[in-house]
Every structure is written in structure tokens, then in C-alpha cells.
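So this block is work14.txt, compact mmCIF, C-alpha atoms:
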# COMPACT_ATOMS: atom_id res chain seq x y z
CA MET A 1 0.00 0.00 0.00
CA ALA A 2 1.34 3.42 -0.90
CA CYS A 3 0.53 6.47 1.16
CA ILE A 4 0.89 10.14 0.29
CA CYS A 5 0.16 12.99 2.68
CA ASN A 6 0.05 16.08 0.46
CA ASP A 7 -1.79 15.14 -2.75
CA SER A 8 -4.87 17.33 -3.21
CA ASP A 9 -6.98 14.94 -5.33
CA VAL A 10 -6.47 11.91 -3.08
CA THR A 11 -8.56 12.23 0.06
CA THR A 12 -9.21 8.77 1.43
CA PRO A 13 -7.49 8.38 4.83
CA CYS A 14 -5.94 4.99 5.50
CA VAL A 15 -4.00 3.03 8.07
CA ASP A 16 -1.94 0.26 6.51
CA THR A 17 -0.93 -3.00 8.17
CA PHE A 18 2.18 -1.43 9.71
CA GLY A 19 0.20 1.33 11.44
CA TYR A 20 1.31 4.15 9.12
CA ARG A 21 -1.30 6.90 8.79
CA GLY A 22 -1.61 8.64 5.46
CA TYR A 23 -3.82 8.82 2.39
CA PHE A 24 -4.65 5.91 0.15
CA VAL A 25 -3.44 6.29 -3.42
CA PRO A 26 -5.36 4.25 -6.02
CA LYS A 27 -3.24 1.76 -7.98
CA ASN A 28 -4.05 3.43 -11.31
CA LYS A 29 -2.66 6.75 -10.07
CA ILE A 30 0.59 5.13 -8.85
CA ASN A 31 1.12 3.34 -12.17
CA ALA A 32 0.24 6.47 -14.16
CA ASP A 33 2.81 8.52 -12.22
CA ALA A 34 5.51 5.86 -12.69
CA LYS A 35 4.69 5.51 -16.38
CA LYS A 36 5.03 9.27 -16.96
CA LYS A 37 8.53 9.23 -15.50
CA SER A 38 9.98 6.14 -17.20
CA GLY A 39 7.46 4.86 -19.77
CA LEU A 40 7.31 1.65 -17.77
CA SER A 41 4.82 0.47 -15.14
CA VAL A 42 4.13 -2.69 -13.16
CA LEU A 43 0.76 -4.41 -13.42
CA GLY A 44 -1.15 -6.20 -10.71
CA LYS A 45 -0.35 -6.91 -7.10
CA PRO A 46 3.08 -7.87 -5.75
CA LEU A 47 3.70 -11.63 -5.81
CA PRO A 48 4.88 -13.59 -2.77
CA ARG A 49 8.16 -14.95 -4.15
CA ILE A 50 11.36 -15.71 -2.31
CA LEU A 51 14.47 -14.78 -4.27
CA THR A 52 17.60 -16.91 -4.02
CA GLU A 53 20.82 -15.52 -2.59
CA LEU A 54 22.37 -15.55 -6.07
CA GLU A 55 19.49 -13.47 -7.48
CA LEU A 56 19.79 -11.03 -4.59
CA ASN A 57 23.54 -10.67 -5.20
CA HIS A 58 22.89 -9.80 -8.85
CA LEU A 59 20.32 -7.20 -7.77
CA ARG A 60 22.83 -5.71 -5.31
CA LYS A 61 25.36 -5.31 -8.16
CA LEU A 62 22.76 -3.28 -10.07
CA LYS A 63 22.33 -1.00 -7.03
CA ALA A 64 18.80 -2.18 -6.24
CA ASN A 65 17.41 -1.23 -2.84
CA LEU A 66 16.57 -4.62 -1.31
CA GLU A 67 14.63 -3.08 1.58
CA CYS A 68 11.73 -2.02 -0.68
CA LEU A 69 11.95 -4.83 -3.25
CA GLU A 70 8.67 -6.18 -4.65
CA CYS A 71 8.14 -8.94 -7.23
CA TYR A 72 5.55 -8.66 -10.01
CA GLY A 73 4.26 -10.93 -12.75
CA ARG A 74 3.71 -8.35 -15.50
CA ILE A 75 4.91 -4.96 -16.66
CA GLN A 76 3.87 -2.56 -19.38
CA VAL A 77 6.41 -0.74 -21.51
CA GLY A 78 4.65 1.77 -23.73
CA ARG A 79 1.78 -0.20 -25.27
CA GLU A 80 3.48 -3.60 -24.94
CA THR A 81 2.73 -5.87 -21.96
CA PHE A 82 5.37 -8.40 -20.89
CA SER A 83 4.56 -11.37 -18.66
CA SER A 84 6.85 -13.47 -16.50
CA GLN A 85 7.05 -17.22 -16.11
CA GLU A 86 5.47 -16.83 -12.66
CA TYR A 87 2.43 -15.14 -14.22
CA ASP A 88 2.24 -17.77 -16.98
CA LYS A 89 1.80 -20.53 -14.37
CA HIS A 90 -1.47 -19.03 -13.15
CA PHE A 91 -3.01 -17.68 -16.36
CA ARG A 92 -1.75 -20.16 -19.00
CA ARG A 93 -0.03 -17.67 -21.23
CA CYS A 94 3.14 -18.28 -23.14
CA ASP A 95 4.45 -14.78 -23.72
CA SER A 96 7.38 -14.59 -21.33
CA TYR A 97 10.02 -15.25 -24.03
CA VAL A 98 12.00 -12.13 -24.91
CA GLU A 99 15.00 -10.70 -26.68
CA ILE A 100 17.14 -8.43 -24.51
CA LYS A 101 19.91 -6.12 -25.64
CA CYS A 102 22.34 -5.82 -22.74
CA ASP A 103 26.02 -4.83 -22.82
CA GLY A 104 25.91 -4.57 -26.62
CA ARG A 105 24.82 -8.16 -27.23
CA LYS A 106 21.51 -9.90 -27.90
CA ILE A 107 20.29 -12.28 -25.23
CA TYR A 108 17.36 -14.64 -25.71
CA GLY A 109 15.52 -16.00 -22.70
CA ARG A 110 12.43 -16.39 -20.59
CA ILE A 111 11.52 -13.88 -17.90
CA ALA A 112 11.24 -15.59 -14.52
CA ILE A 113 10.00 -12.56 -12.52
CA PHE A 114 10.04 -8.76 -12.45
CA CYS A 115 11.43 -6.96 -9.39
CA LYS A 116 10.64 -3.35 -8.54
CA SER A 117 12.96 -1.39 -6.28
CA GLY A 118 11.91 2.23 -5.89
CA GLU A 119 11.46 3.59 -9.43
CA ALA A 120 13.66 0.95 -11.11
CA VAL A 121 12.21 -2.28 -12.52
CA PHE A 122 14.50 -5.27 -13.03
CA CYS A 123 13.85 -8.63 -14.65
CA ILE A 124 15.36 -12.00 -13.83
CA VAL A 125 15.77 -13.91 -17.10
CA SER A 126 16.61 -17.59 -17.76
CA VAL A 127 19.11 -17.42 -20.61
CA TYR A 128 18.89 -19.54 -23.77
CA ASN A 129 21.92 -20.23 -25.94
CA ILE A 130 21.68 -20.25 -29.72
CA ASP A 131 22.08 -23.80 -31.04
CA HIS A 132 24.41 -23.39 -34.02
CA THR A 133 24.01 -27.05 -35.04
CA LYS A 134 20.43 -26.41 -36.24
CA PHE A 135 18.88 -23.95 -38.65
CA PHE A 136 15.48 -23.38 -40.19
CA PHE A 137 15.09 -23.03 -43.97
CA HIS A 138 12.43 -23.04 -46.67
CA ARG A 139 12.92 -26.19 -48.77
CA ALA A 140 11.39 -24.97 -52.02
CA THR A 141 13.59 -21.89 -52.28
CA ARG A 142 16.50 -23.25 -50.21
CA THR A 143 16.44 -20.01 -48.19
CA ARG A 144 17.46 -19.80 -44.56
CA ILE A 145 14.85 -18.10 -42.37
CA GLY A 146 16.83 -15.88 -40.02
CA HIS A 147 14.08 -14.75 -37.64
CA ILE A 148 13.46 -18.33 -36.45
CA ILE A 149 16.23 -19.03 -33.95
CA PRO A 150 17.17 -22.50 -32.66
CA VAL A 151 17.83 -22.35 -28.91
CA LYS A 152 18.57 -24.56 -25.93
CA ASP A 153 18.32 -23.76 -22.24
CA SER A 154 21.69 -22.86 -20.75
CA GLY A 155 20.65 -23.17 -17.09
CA ASP A 156 22.05 -19.67 -16.41
CA PHE A 157 20.18 -16.48 -15.63
CA ILE A 158 20.83 -12.77 -15.76
CA VAL A 159 19.36 -9.79 -13.95
CA CYS A 160 18.98 -6.60 -15.97
CA GLU A 161 16.80 -3.52 -16.08
CA ALA A 162 13.46 -4.07 -17.79
CA LYS A 163 14.11 -1.15 -20.14
CA HIS A 164 16.59 -3.38 -22.02
CA ILE A 165 13.81 -5.68 -23.31
CA VAL A 166 13.71 -5.35 -27.10
CA GLN A 167 10.79 -7.56 -28.13
CA LYS A 168 8.51 -10.43 -27.24
CA LEU A 169 9.15 -13.83 -28.84
CA ILE A 170 7.16 -17.02 -29.35
CA GLN A 171 8.52 -20.48 -28.60
CA ALA A 172 7.76 -23.30 -31.02
CA GLY A 173 9.54 -26.48 -29.96
CA ASP A 174 13.27 -25.74 -29.79
CA PHE A 175 12.89 -22.50 -31.76
CA LEU A 176 12.14 -18.89 -30.88
CA CYS A 177 10.62 -16.53 -33.43
Can you give me the file's structure in the form of C-alpha cells?
Amino acid sequence: MACICNDSDVTTPCVDTFGYRGYFVPKNKINADAKKKSGLSVLGKPLPRILTELELNHLRKLKANLECLECYGRIQVGRETFSSQEYDKHFRRCDSYVEIKCDGRKIYGRIAIFCKSGEAVFCIVSVYNIDHTKFFFHRATRTRIGHIIPVKDSGDFIVCEAKHIVQKLIQAGDFLC
């Protein structure tokens, strides 16, 4: 629950579970304010997820404030909504596969969860390696189709800022497109 004490259009007094007195801010207003600043907003309620020590160490390296860390299943960047693997478990979606451009290289993977720390939103991504032993081509024209990428799970993960997500991908067997 977020509380603000000096906003003129928010007038509902509240006492949250920790005894803090303030004014209740509707979720839509919080997301609208965050979206104006960064073009990125979280969707839904925080998820009860316990992060591993390795994930926490990666978040510390990115200067995330672990005291106010919350995990979410979905975010919205502009008009595009990205889901995590945690969200997919409950709602049977398959849109957590993404391409990320981080440190000048393309990374393909599946988003495990989104973490919000203050204004910054991070994503924990299971990384896929490109399988160079396979390729996809059109038999009649003998043309390689470059946007269909053969991948295999590497077992590794990365933590990066959500603003580095380039696009959503679809998994079809051992391929991403």
C-alpha cells in the first residue's frame, strides 16, 4: 500500500498493516505517475516470491534497494505488456520469451519474474543459448529463415533492467521466433 500525505486529489485516509497513517493512493494513479517518469509500469499486485541468494547478489550489483523490493508478474512498456514465467503458471499464457539487448549483445531467454525497487524495474531472465548445429530453412527456395532461432536452455540467468527488453518472442519447440 502506498501512502501520500500532500496530494490534493487523493482524500481517502488509511492506516496500513504497519500502522502508518496517510492517504490511500489508487493503484491506477501510482502506475500512471511511474509511467510518466519512465514509460514503464508494473501491473497487478506484488507476488509472494522468495528470491535466491544468487538473485539477490545480482540485484545488489545493479544497485537495487533490497529493503523495498517487490516482485511482479507483469509490466507494461509503452503499449506492450510483458509477462513473466510466474504469471504464466497461473493464467496459461506463453508470452514470457523475450530478446534483450544488454552490454551490446543480444540475449534470448524467458523472464522468470520482475522486481521493482523504488522507481527501477529489473527482470530476472533464464538465458537460452543459440544452437548453431540447427537452422530453419524453406525447402522450395532453399532459403534460410533468419528470424526463427534454434535455442537450448543454458541453465544460467541474468538480472537486468526491464528497459533493455527489445521484443517479445514465441517459442515453437526448440525455436524462438
List as a ChimeraX atom specification the protein and nucleic acid residues near Phe122 in chain A, meaning an atom at most 10 Å away when all atoms listed in the file are counted, but skip any in the same chain fewer than 6 places from it.
/A:59,62,64,71,113-116,159-164
Within 10 Å of file point (5.4, -12.6, -29.0), counting only C-alpha atoms, expressed as a ChimeraX atom specification:
/A:82,94-98,167-171,176-177
Calculate how many Å separate CA of Lys45 in chain A from CA of Cys102 in chain A, rounding to one decimal.
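Calculated distance between CA of Lys45 in chain A and CA of Cys102 in chain A is 27.6 Å.
Rounded to one decimal, CA of Arg110 in chain A and CA of Ile149 in chain A lie 14.1 Å from each other.
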Rounded to one decimal in Å, what is the spacing between CA of Ile50 in chain A and CA of Asp103 in chain A?
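Distance reported for this atom pair: 27.5 Å.
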Range 37-54 of chain A, all listed atoms, 4 Å padding on each side: what axis-aligned box centre and edge lengths in Å to one decimal come out, as JSON?
{"center_x": 10.6, "center_y": -3.8, "center_z": -11.0, "size_x": 31.5, "size_y": 34.1, "size_z": 25.5}
Identify the residues within 10 Å of coordinate (13.8, -0.1, -3.2) (same frame as the file), considering all atoms listed in the file, and give the answer as an MDAnalysis selection string.
chainID A and resid 63:70 115:121
Contacts of Val125 in chain A at 7 Å or less, counting only C-alpha atoms, minus same-chain residues fewer than 4 places along, as a PyMOL selection string?
chain A and resi 109-112+157-159
